[in-house]
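What follows is the content of input.cif (mmCIF, C-alpha atoms and all ligand atoms).
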data_query
#
loop_
_atom_site.label_atom_id
_atom_site.label_comp_id
_atom_site.auth_asym_id
_atom_site.auth_seq_id
_atom_site.Cartn_x
_atom_site.Cartn_y
_atom_site.Cartn_z
CA MET V 1 0.00 0.00 0.00
CA LYS V 2 1.45 3.36 -1.05
CA GLY V 3 1.55 6.49 1.14
CA ASN V 4 0.95 7.14 4.81
CA VAL V 5 -1.63 4.71 6.27
CA ALA V 6 -3.38 7.64 7.97
CA ASP V 7 -3.96 9.17 4.52
CA ARG V 8 -5.68 6.08 3.19
CA VAL V 9 -9.39 5.37 2.97
CA VAL V 10 -11.34 2.31 1.92
CA LEU V 11 -14.53 2.78 -0.03
CA THR V 12 -16.86 0.54 -1.99
CA ILE V 13 -17.73 1.23 -5.60
CA ASP V 14 -20.32 -1.02 -7.23
CA GLY V 15 -19.61 -3.69 -4.63
CA ARG V 16 -15.83 -3.54 -5.01
CA GLU V 17 -13.73 -2.56 -2.01
CA ILE V 18 -11.09 -0.08 -3.08
CA GLY V 19 -8.25 1.63 -1.25
CA ALA V 20 -7.51 5.24 -2.11
CA LYS V 21 -5.79 8.34 -0.83
CA GLN V 22 -7.89 10.58 1.38
CA GLY V 23 -9.16 13.54 -0.61
CA ASP V 24 -8.66 12.00 -4.05
CA ARG V 25 -11.56 12.67 -6.37
CA LEU V 26 -13.97 9.82 -6.80
CA LEU V 27 -13.92 10.01 -10.61
CA TRP V 28 -10.19 9.31 -10.87
CA VAL V 29 -10.26 6.63 -8.20
CA ALA V 30 -13.01 4.81 -10.12
CA LEU V 31 -11.33 5.19 -13.52
CA ASP V 32 -8.00 4.02 -12.10
CA HIS V 33 -9.77 0.83 -11.05
CA ASP V 34 -11.39 0.32 -14.46
CA ILE V 35 -14.81 1.42 -13.25
CA ASN V 36 -16.18 3.55 -16.04
CA ILE V 37 -17.91 6.81 -15.17
CA PRO V 38 -18.60 8.96 -18.24
CA ASN V 39 -16.95 12.37 -18.14
CA LEU V 40 -16.24 15.11 -20.60
CA CYS V 41 -14.97 18.15 -18.76
CA ALA V 42 -12.78 16.74 -15.97
CA MET V 43 -9.03 17.35 -16.00
CA ARG V 44 -6.95 15.23 -13.67
CA GLU V 45 -4.41 17.99 -13.09
CA ALA V 46 -6.98 20.68 -12.30
CA ASP V 47 -7.22 21.63 -8.62
CA LEU V 48 -10.86 22.56 -8.93
CA PRO V 49 -13.26 20.53 -11.07
CA PHE V 50 -15.09 22.49 -13.73
CA GLY V 51 -18.26 20.43 -13.34
CA GLY V 52 -19.83 21.60 -16.57
CA CYS V 53 -20.85 18.46 -18.45
CA ARG V 54 -22.84 16.78 -15.62
CA LEU V 55 -22.17 13.33 -17.07
CA CYS V 56 -20.35 11.90 -14.08
CA PHE V 57 -23.25 11.57 -11.63
CA VAL V 58 -23.10 8.73 -9.09
CA GLU V 59 -25.15 7.84 -6.04
CA ILE V 60 -23.66 7.54 -2.57
CA ASP V 61 -25.30 5.75 0.36
CA GLY V 62 -26.73 8.25 2.82
CA ARG V 63 -26.86 11.15 0.34
CA ARG V 64 -30.26 12.46 -0.66
CA ALA V 65 -29.22 13.35 -4.19
CA PRO V 66 -26.67 12.08 -6.72
CA VAL V 67 -23.32 13.90 -6.82
CA THR V 68 -20.78 14.54 -9.57
CA ALA V 69 -17.87 12.14 -9.17
CA CYS V 70 -15.36 14.68 -10.50
CA SER V 71 -16.01 17.00 -7.56
CA GLN V 72 -16.50 14.42 -4.83
CA PRO V 73 -13.50 13.59 -2.62
CA VAL V 74 -13.40 9.97 -1.46
CA GLU V 75 -14.15 9.24 2.19
CA ASN V 76 -13.56 6.24 4.36
CA GLY V 77 -16.52 3.85 4.33
CA MET V 78 -18.20 5.57 1.39
CA VAL V 79 -20.48 3.28 -0.62
CA VAL V 80 -20.87 4.38 -4.23
CA TYR V 81 -23.12 3.20 -7.05
CA THR V 82 -22.25 4.27 -10.59
CA ASP V 83 -25.06 2.67 -12.57
CA THR V 84 -28.41 3.16 -10.82
CA PRO V 85 -31.62 4.09 -12.73
CA LYS V 86 -31.48 7.62 -11.27
CA VAL V 87 -27.89 8.09 -12.36
CA LYS V 88 -28.63 6.78 -15.84
CA GLN V 89 -31.56 9.15 -16.18
CA LEU V 90 -29.48 12.17 -15.15
CA ARG V 91 -26.67 11.20 -17.49
CA ARG V 92 -29.08 10.70 -20.37
CA THR V 93 -30.49 14.18 -19.85
CA ALA V 94 -27.03 15.73 -19.54
CA PHE V 95 -25.91 13.96 -22.70
CA GLU V 96 -28.93 15.15 -24.63
CA LEU V 97 -28.31 18.71 -23.44
CA LEU V 98 -24.79 18.50 -24.87
CA LEU V 99 -26.17 17.17 -28.15
CA SER V 100 -28.76 19.93 -28.32
CA HIS V 101 -26.13 22.54 -29.17
CA HIS V 102 -23.61 20.28 -30.89
CA HIS V 103 -23.62 20.25 -34.68
CA LEU V 104 -24.02 16.54 -35.38
CA ASP V 105 -22.31 15.80 -38.64
CA CYS V 106 -20.31 12.72 -37.66
CA ALA V 107 -19.75 11.31 -41.15
CA ARG V 108 -17.94 14.44 -42.28
CA CYS V 109 -16.32 15.35 -38.97
CA PRO V 110 -12.52 14.94 -38.72
CA LYS V 111 -13.04 13.50 -35.25
CA ASN V 112 -15.36 10.75 -36.44
CA LYS V 113 -14.65 7.51 -34.52
CA LYS V 114 -12.33 9.44 -32.14
CA CYS V 115 -15.03 11.65 -30.63
CA GLU V 116 -15.79 11.43 -26.93
CA LEU V 117 -19.51 11.91 -27.56
CA GLN V 118 -19.50 8.84 -29.78
CA ARG V 119 -17.52 6.87 -27.22
CA ILE V 120 -19.82 7.83 -24.35
CA ALA V 121 -22.93 7.11 -26.44
CA ALA V 122 -21.63 3.64 -27.33
CA HIS V 123 -20.68 2.85 -23.76
CA GLN V 124 -23.83 4.17 -22.13
CA GLY V 125 -26.25 2.97 -24.81
CA PHE V 126 -27.29 6.52 -25.74
CA LYS V 127 -28.43 7.51 -29.21
CA LEU V 128 -26.48 10.21 -31.02
CA LYS V 129 -29.65 12.12 -31.82
CA LEU V 130 -32.09 14.23 -29.87
CA GLN V 131 -35.00 12.31 -28.38
CA ARG V 132 -36.73 14.74 -26.03
CA LEU V 133 -35.01 18.12 -26.40
CA ARG V 134 -35.11 20.53 -29.27
CA ARG V 135 -32.00 21.52 -31.17
CA ILE V 136 -30.65 24.92 -30.17
CA PRO V 137 -29.92 26.53 -33.53
CA ARG V 138 -26.33 27.68 -33.81
CA ASP V 139 -24.75 28.99 -36.94
CA LEU V 140 -21.57 30.61 -35.75
CA PRO V 141 -18.73 31.31 -38.16
CA MET V 142 -15.86 28.85 -38.19
CA ASP V 143 -12.41 30.30 -37.46
CA SER V 144 -9.85 28.87 -39.89
CA SER V 145 -7.49 31.82 -39.66
CA HIS V 146 -4.73 30.02 -37.79
CA PRO V 147 -2.27 28.15 -40.04
CA LEU V 148 -2.19 25.05 -37.81
CA PHE V 149 -5.71 24.52 -36.54
CA SER V 150 -9.32 25.55 -36.94
CA TYR V 151 -12.13 26.16 -34.48
CA ASP V 152 -15.74 25.25 -35.17
CA PRO V 153 -17.87 26.80 -32.39
CA ASN V 154 -20.92 24.88 -33.59
CA LYS V 155 -19.35 21.63 -32.43
CA CYS V 156 -18.02 22.98 -29.13
CA VAL V 157 -19.52 21.31 -26.04
CA LEU V 158 -18.13 23.98 -23.68
CA CYS V 159 -16.15 21.48 -21.62
CA GLY V 160 -13.58 24.20 -20.92
CA LYS V 161 -10.56 21.92 -21.38
CA CYS V 162 -9.03 24.14 -24.07
CA VAL V 163 -9.35 27.20 -21.84
CA TRP V 164 -7.78 25.36 -18.93
CA VAL V 165 -4.73 24.10 -20.85
CA CYS V 166 -4.22 27.47 -22.51
CA GLN V 167 -4.19 29.17 -19.12
CA ARG V 168 -1.96 26.49 -17.60
CA HIS V 169 0.40 27.04 -20.51
CA GLY V 170 0.58 30.67 -19.39
CA VAL V 171 -0.91 32.01 -22.61
CA GLY V 172 -4.62 32.60 -22.00
CA ALA V 173 -5.41 33.19 -25.65
CA ILE V 174 -8.96 31.87 -25.28
CA ASP V 175 -11.66 32.05 -22.62
CA PHE V 176 -15.40 31.68 -22.11
CA ALA V 177 -17.41 34.57 -23.52
CA SER V 178 -21.07 35.59 -23.12
CA ARG V 179 -23.58 33.76 -20.93
CA GLY V 180 -26.36 31.21 -20.99
CA LEU V 181 -27.20 29.85 -24.41
CA GLU V 182 -24.85 32.41 -25.94
CA THR V 183 -21.81 31.04 -24.11
CA ARG V 184 -18.90 30.20 -26.38
CA ILE V 185 -15.12 29.99 -26.40
CA SER V 186 -13.54 33.10 -27.80
CA THR V 187 -10.29 35.00 -28.11
CA PHE V 188 -9.93 38.30 -26.28
CA ASP V 189 -11.99 40.90 -28.15
CA ASN V 190 -13.18 38.09 -30.43
CA VAL V 191 -10.24 38.57 -32.80
CA PRO V 192 -9.46 35.72 -35.24
CA LEU V 193 -7.21 33.05 -33.74
CA VAL V 194 -4.31 34.07 -35.92
CA GLN V 195 -4.36 37.52 -34.30
CA ALA V 196 -4.67 36.17 -30.75
CA LYS V 197 -1.62 35.69 -28.57
CA CYS V 198 -1.66 31.92 -29.26
CA ASP V 199 1.81 30.36 -29.29
CA SER V 200 0.71 27.40 -31.42
CA CYS V 201 1.38 24.71 -28.81
CA LEU V 202 -1.78 22.89 -30.01
CA GLU V 203 -2.57 21.64 -26.49
CA CYS V 204 -6.12 22.91 -26.99
CA VAL V 205 -6.46 20.67 -30.04
CA GLN V 206 -5.15 17.70 -28.10
CA VAL V 207 -7.67 18.07 -25.28
CA CYS V 208 -10.74 18.92 -27.37
CA PRO V 209 -13.01 15.88 -26.91
CA VAL V 210 -15.03 16.57 -30.06
CA GLY V 211 -14.35 17.93 -33.53
CA SER V 212 -14.38 21.58 -32.52
CA LEU V 213 -10.65 22.33 -32.36
CA VAL V 214 -8.95 20.38 -35.11
CA ALA V 215 -5.41 20.44 -36.44
CA LYS V 216 -5.18 21.21 -40.12
CA ASP V 217 -2.83 18.28 -40.69
CA GLY V 218 -5.55 15.98 -39.34
CA GLN V 219 -3.77 15.36 -36.03
CA ALA V 220 -6.83 15.77 -33.82
CA CYS V 221 -6.53 13.59 -30.74
CA ALA V 222 -8.23 13.78 -27.38
CA GLY V 223 -6.53 12.33 -24.36
CA VAL V 224 -4.63 14.93 -22.34
CA GLY V 225 -5.99 15.11 -18.84
CA ARG V 226 -7.89 11.82 -18.85
S1 LIG H 301 -16.80 15.28 -15.59
FE1 LIG H 301 -17.94 15.77 -13.81
S2 LIG H 301 -19.25 17.36 -14.49
FE2 LIG H 301 -18.04 16.92 -16.25
#
Will you turn the file into structure tokens for me?
Ligand code: FES
Amino acid sequence: MKGNVADRVVLTIDGREIGAKQGDRLLWVALDHDINIPNLCAMREADLPFGGCRLCFVEIDGRRAPVTACSQPVENGMVVYTDTPKVKQLRRTAFELLLSHHHLDCARCPKNKKCELQRIAAHQGFKLKLQRLRRIPRDLPMDSSHPLFSYDPNKCVLCGKCVWVCQRHGVGAIDFASRGLETRISTFDNVPLVQAKCDSCLECVQVCPVGSLVAKDGQACAGVGR
């Protein structure tokens, strides 16, 4: 067993007893033990979870309502369920909300078959089309001004990963702009990417879970932070 014994906790996830470090976030503890909890916005290195996608709900014994696993620190004796009917219902709704403002064009998307939405849908048994919600029309201009990558705001799921890595990188070329249904990722003053203070590290492209930020040489790959 690694670490100080006093720092260790034992919890149960889906009937499995698991040892973990006190204070670790439940999402990462579960994933590290091959217990799948869908997630789109969590970054392992981030001190504070963003908590935007709402896909990572779980139920915990003794809690009145489900909690997001990315924000929940593990506690000794905690009993967690990752696949209850309530959790599935919440995840389904959260997933459909993401789809409602995501331009679904999988066949022509450069991220086809590497998209996190596709992966989550396959794993959770969700359909990649709206069932109950209406599509939120979005027809924002694509930004292809940068020589190395392009940004399609109509596919952005507002997970915030690109903003986080850009700030961690010390650049801060992009951030959230506007509010509510108008929220989007933008450069300062909404200038084209090529005029922003981007240093072309392409970390934003690497963390984008969908086909919103895509390298022009086709090297779009999600994975950083998971
Ligand atoms: S991963 Fe927990 S809210 Fe997105």
Contacts to ligand LIG 301 (chain H) at 8 Å cut-off (all atoms listed in the file) as a list in words: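 Those residues are Leu27, Pro38, Asn39, Leu40, Cys41, Ala42, Pro49, Phe50, Gly51, Gly52, Cys53, Arg54, Leu55, Cys56, Phe57, Thr68, Ala69, Cys70, Ser71 and Cys159 of chain V.
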Check the smallest atom-to-atom distance from each of V:Leu104, V:Ile37, V:Asp32, V:Met142 to Gln124 in chain V using only C-alpha atoms, then report the winner. V:Ile37
In Å to one decimal, how far is CA of His33 in chain V from CA of Val5 in chain V?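 Spanning CA of Val5 in chain V to CA of His33 in chain V is a straight-line distance of 19.5 Å.
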Quick one: residues within 10 Å of Ile136 in chain V, all atoms listed in the file, excluding same-chain residues fewer than 5 positions away - as a list in words? Leu97, Leu99, Ser100, His101, His102, His103 and Leu181 of chain V
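As for CA of Tyr81 in chain V and CA of Ala121 in chain V, they are spaced 19.8 Å apart.
CA of Ala122 in chain V to CA of Cys162 in chain V spans 24.3 Å [interatomic distance, one decimal].
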So which one's closest to Gly211 in chain V, V:Thr84, V:Gln195, V:Asn154, V:Thr12? Using only C-alpha atoms, please. V:Asn154
Start from the incomplete input, build N, CA, C and O atoms for range 141-166 of chain V, and deliver everything as a PDB file, in the coordinates of the input.
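Dumped everything to out16.pdb:
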ATOM      1  N   PRO V 141     -19.773  31.471 -37.139  1.00  0.00           N
ATOM      2  CA  PRO V 141     -18.730  31.310 -38.160  1.00  0.00           C
ATOM      3  C   PRO V 141     -17.545  30.495 -37.647  1.00  0.00           C
ATOM      4  O   PRO V 141     -17.137  30.627 -36.500  1.00  0.00           O
ATOM      5  N   MET V 142     -17.037  29.646 -38.522  1.00  0.00           N
ATOM      6  CA  MET V 142     -15.860  28.850 -38.190  1.00  0.00           C
ATOM      7  C   MET V 142     -14.626  29.750 -38.281  1.00  0.00           C
ATOM      8  O   MET V 142     -14.578  30.650 -39.112  1.00  0.00           O
ATOM      9  N   ASP V 143     -13.651  29.518 -37.408  1.00  0.00           N
ATOM     10  CA  ASP V 143     -12.410  30.300 -37.460  1.00  0.00           C
ATOM     11  C   ASP V 143     -11.295  29.408 -38.005  1.00  0.00           C
ATOM     12  O   ASP V 143     -10.798  28.520 -37.309  1.00  0.00           O
ATOM     13  N   SER V 144     -10.934  29.645 -39.255  1.00  0.00           N
ATOM     14  CA  SER V 144      -9.850  28.870 -39.890  1.00  0.00           C
ATOM     15  C   SER V 144      -8.632  29.736 -40.132  1.00  0.00           C
ATOM     16  O   SER V 144      -7.779  29.428 -40.975  1.00  0.00           O
ATOM     17  N   SER V 145      -8.549  30.843 -39.382  1.00  0.00           N
ATOM     18  CA  SER V 145      -7.490  31.820 -39.660  1.00  0.00           C
ATOM     19  C   SER V 145      -6.104  31.339 -39.255  1.00  0.00           C
ATOM     20  O   SER V 145      -5.102  31.753 -39.824  1.00  0.00           O
ATOM     21  N   HIS V 146      -6.036  30.458 -38.266  1.00  0.00           N
ATOM     22  CA  HIS V 146      -4.730  30.020 -37.790  1.00  0.00           C
ATOM     23  C   HIS V 146      -4.135  28.998 -38.779  1.00  0.00           C
ATOM     24  O   HIS V 146      -4.860  28.136 -39.279  1.00  0.00           O
ATOM     25  N   PRO V 147      -2.828  29.080 -39.045  1.00  0.00           N
ATOM     26  CA  PRO V 147      -2.270  28.150 -40.040  1.00  0.00           C
ATOM     27  C   PRO V 147      -2.274  26.684 -39.591  1.00  0.00           C
ATOM     28  O   PRO V 147      -2.243  25.783 -40.435  1.00  0.00           O
ATOM     29  N   LEU V 148      -2.337  26.429 -38.275  1.00  0.00           N
ATOM     30  CA  LEU V 148      -2.190  25.050 -37.810  1.00  0.00           C
ATOM     31  C   LEU V 148      -3.484  24.375 -37.378  1.00  0.00           C
ATOM     32  O   LEU V 148      -3.554  23.149 -37.323  1.00  0.00           O
ATOM     33  N   PHE V 149      -4.478  25.158 -37.006  1.00  0.00           N
ATOM     34  CA  PHE V 149      -5.710  24.520 -36.540  1.00  0.00           C
ATOM     35  C   PHE V 149      -6.912  25.409 -36.796  1.00  0.00           C
ATOM     36  O   PHE V 149      -6.773  26.606 -37.056  1.00  0.00           O
ATOM     37  N   SER V 150      -8.086  24.789 -36.749  1.00  0.00           N
ATOM     38  CA  SER V 150      -9.320  25.550 -36.940  1.00  0.00           C
ATOM     39  C   SER V 150     -10.238  25.328 -35.749  1.00  0.00           C
ATOM     40  O   SER V 150     -10.098  24.355 -35.007  1.00  0.00           O
ATOM     41  N   TYR V 151     -11.180  26.237 -35.597  1.00  0.00           N
ATOM     42  CA  TYR V 151     -12.130  26.160 -34.480  1.00  0.00           C
ATOM     43  C   TYR V 151     -13.549  26.269 -35.017  1.00  0.00           C
ATOM     44  O   TYR V 151     -13.904  27.253 -35.660  1.00  0.00           O
ATOM     45  N   ASP V 152     -14.335  25.233 -34.762  1.00  0.00           N
ATOM     46  CA  ASP V 152     -15.740  25.250 -35.170  1.00  0.00           C
ATOM     47  C   ASP V 152     -16.594  25.389 -33.904  1.00  0.00           C
ATOM     48  O   ASP V 152     -16.797  24.407 -33.174  1.00  0.00           O
ATOM     49  N   PRO V 153     -17.099  26.593 -33.625  1.00  0.00           N
ATOM     50  CA  PRO V 153     -17.870  26.800 -32.390  1.00  0.00           C
ATOM     51  C   PRO V 153     -19.179  26.030 -32.376  1.00  0.00           C
ATOM     52  O   PRO V 153     -19.749  25.787 -31.316  1.00  0.00           O
ATOM     53  N   ASN V 154     -19.654  25.611 -33.539  1.00  0.00           N
ATOM     54  CA  ASN V 154     -20.920  24.880 -33.590  1.00  0.00           C
ATOM     55  C   ASN V 154     -20.791  23.437 -33.105  1.00  0.00           C
ATOM     56  O   ASN V 154     -21.789  22.763 -32.890  1.00  0.00           O
ATOM     57  N   LYS V 155     -19.566  22.983 -32.952  1.00  0.00           N
ATOM     58  CA  LYS V 155     -19.350  21.630 -32.430  1.00  0.00           C
ATOM     59  C   LYS V 155     -18.850  21.668 -30.980  1.00  0.00           C
ATOM     60  O   LYS V 155     -18.696  20.615 -30.357  1.00  0.00           O
ATOM     61  N   CYS V 156     -18.578  22.865 -30.479  1.00  0.00           N
ATOM     62  CA  CYS V 156     -18.020  22.980 -29.130  1.00  0.00           C
ATOM     63  C   CYS V 156     -19.043  22.564 -28.078  1.00  0.00           C
ATOM     64  O   CYS V 156     -20.205  22.950 -28.137  1.00  0.00           O
ATOM     65  N   VAL V 157     -18.612  21.742 -27.109  1.00  0.00           N
ATOM     66  CA  VAL V 157     -19.520  21.310 -26.040  1.00  0.00           C
ATOM     67  C   VAL V 157     -19.230  22.060 -24.733  1.00  0.00           C
ATOM     68  O   VAL V 157     -19.732  21.681 -23.677  1.00  0.00           O
ATOM     69  N   LEU V 158     -18.413  23.102 -24.816  1.00  0.00           N
ATOM     70  CA  LEU V 158     -18.130  23.980 -23.680  1.00  0.00           C
ATOM     71  C   LEU V 158     -17.592  23.216 -22.463  1.00  0.00           C
ATOM     72  O   LEU V 158     -17.939  23.506 -21.330  1.00  0.00           O
ATOM     73  N   CYS V 159     -16.750  22.241 -22.728  1.00  0.00           N
ATOM     74  CA  CYS V 159     -16.150  21.480 -21.620  1.00  0.00           C
ATOM     75  C   CYS V 159     -15.098  22.296 -20.896  1.00  0.00           C
ATOM     76  O   CYS V 159     -14.738  21.984 -19.757  1.00  0.00           O
ATOM     77  N   GLY V 160     -14.551  23.309 -21.564  1.00  0.00           N
ATOM     78  CA  GLY V 160     -13.580  24.200 -20.920  1.00  0.00           C
ATOM     79  C   GLY V 160     -12.153  23.675 -20.887  1.00  0.00           C
ATOM     80  O   GLY V 160     -11.247  24.328 -20.372  1.00  0.00           O
ATOM     81  N   LYS V 161     -11.918  22.487 -21.447  1.00  0.00           N
ATOM     82  CA  LYS V 161     -10.560  21.920 -21.380  1.00  0.00           C
ATOM     83  C   LYS V 161      -9.552  22.787 -22.129  1.00  0.00           C
ATOM     84  O   LYS V 161      -8.420  22.955 -21.689  1.00  0.00           O
ATOM     85  N   CYS V 162      -9.961  23.318 -23.280  1.00  0.00           N
ATOM     86  CA  CYS V 162      -9.030  24.140 -24.070  1.00  0.00           C
ATOM     87  C   CYS V 162      -8.644  25.397 -23.309  1.00  0.00           C
ATOM     88  O   CYS V 162      -7.480  25.815 -23.305  1.00  0.00           O
ATOM     89  N   VAL V 163      -9.620  25.988 -22.630  1.00  0.00           N
ATOM     90  CA  VAL V 163      -9.350  27.200 -21.840  1.00  0.00           C
ATOM     91  C   VAL V 163      -8.381  26.869 -20.712  1.00  0.00           C
ATOM     92  O   VAL V 163      -7.417  27.600 -20.456  1.00  0.00           O
ATOM     93  N   TRP V 164      -8.614  25.745 -20.072  1.00  0.00           N
ATOM     94  CA  TRP V 164      -7.780  25.360 -18.930  1.00  0.00           C
ATOM     95  C   TRP V 164      -6.327  25.133 -19.365  1.00  0.00           C
ATOM     96  O   TRP V 164      -5.396  25.632 -18.737  1.00  0.00           O
ATOM     97  N   VAL V 165      -6.121  24.372 -20.446  1.00  0.00           N
ATOM     98  CA  VAL V 165      -4.730  24.100 -20.850  1.00  0.00           C
ATOM     99  C   VAL V 165      -4.047  25.364 -21.359  1.00  0.00           C
ATOM    100  O   VAL V 165      -2.851  25.551 -21.153  1.00  0.00           O
ATOM    101  N   CYS V 166      -4.812  26.230 -21.999  1.00  0.00           N
ATOM    102  CA  CYS V 166      -4.220  27.470 -22.510  1.00  0.00           C
ATOM    103  C   CYS V 166      -3.773  28.357 -21.344  1.00  0.00           C
ATOM    104  O   CYS V 166      -2.695  28.966 -21.380  1.00  0.00           O
TER     105      CYS V 166
END
